[in-house]
Amino acid sequence: MTEPIYANDEHRVILETYITMCQEFAKEVSTKNRYNNFLEVVEIIIEYSNNYGSGTRENNFWDWMLIIPINLAVATNGFFAGVETKSNAAVVKAYRVVLDELVQDTVDKIDKIEPIND
């Protein structure tokens, strides 16, 4: 997997924790092939984040800081919708609740990061 570009060590820790949790949630409710498809989407999100700012109208620091948490939350929820069955519905719904709390917590932590050399 491509290494995300981080603003600082605090941002790195926050995002690594968040990405790992989303990956573990997806892994728990899917087959290996579907999980690998999910990882491809995660890769696309990270590449988008890493390349953000290369366009002439893309240069908002705070937008960039939230690309991975917001897009990964949407991707993970979409993944859950695609893999939910009668037999795993309770687990998937529980992961959705935890994911909602996790993304809110992640965004709150990122919001508290103080930019240096801004």
# chains A, B, ... in the order shown; residues from 1 in each chain; ligands from 1
>>> residues_around(residues="stretch 6-20 of chain A", least_positions_apart="4", cutoff="10 Å", atoms="only C-alpha atoms", output="PyMOL selection string")
chain A and resi 24-26+42+49-50+61+64-66+68-69+72-73+99+102-103+105-107+109-110+113-116
>>> atom_distance(atom1="atom CA of A:Phe80", atom2="atom CA of A:Tyr95")
8.6 Å
>>> closest_atom_pairs(of="stretch 62-101 of chain A", to="stretch 32-38 of chain A", cutoff="12 Å", atoms="only C-alpha atoms", output="CSV")
residue,atom,partner,partner_atom,distance
A:Leu72,CA,A:Phe38,CA,10.1
A:Val74,CA,A:Phe38,CA,11.9
A:Ala75,CA,A:Phe38,CA,8.1
A:Thr76,CA,A:Phe38,CA,8.0
A:Asn77,CA,A:Phe38,CA,11.0
A:Gly78,CA,A:Phe38,CA,9.9
A:Phe79,CA,A:Phe38,CA,7.1
A:Phe80,CA,A:Phe38,CA,10.2
A:Gly82,CA,A:Arg34,CA,9.6
A:Val83,CA,A:Arg34,CA,8.4
>>> closest_residue(among="A:Gln104, A:Asn71, A:Ser30, A:Asn59", to="A:Val91", atoms="only C-alpha atoms")
A:Ser30
>>> closest_residue(among="A:Ile70, A:Lys86, A:Glu43, A:Asn60", to="A:Gln23", atoms="only C-alpha atoms")
A:Glu43
>>> select_by_dssp(residues="stretch 17-96 of chain A", states="helix (DSSP H, G or I)", output="ChimeraX atom specification")
/A:17-28,32-51,61-83,89-96
>>> atom_distance(atom1="atom CA of A:Tyr52", atom2="atom CA of A:Met1")
17.7 Å
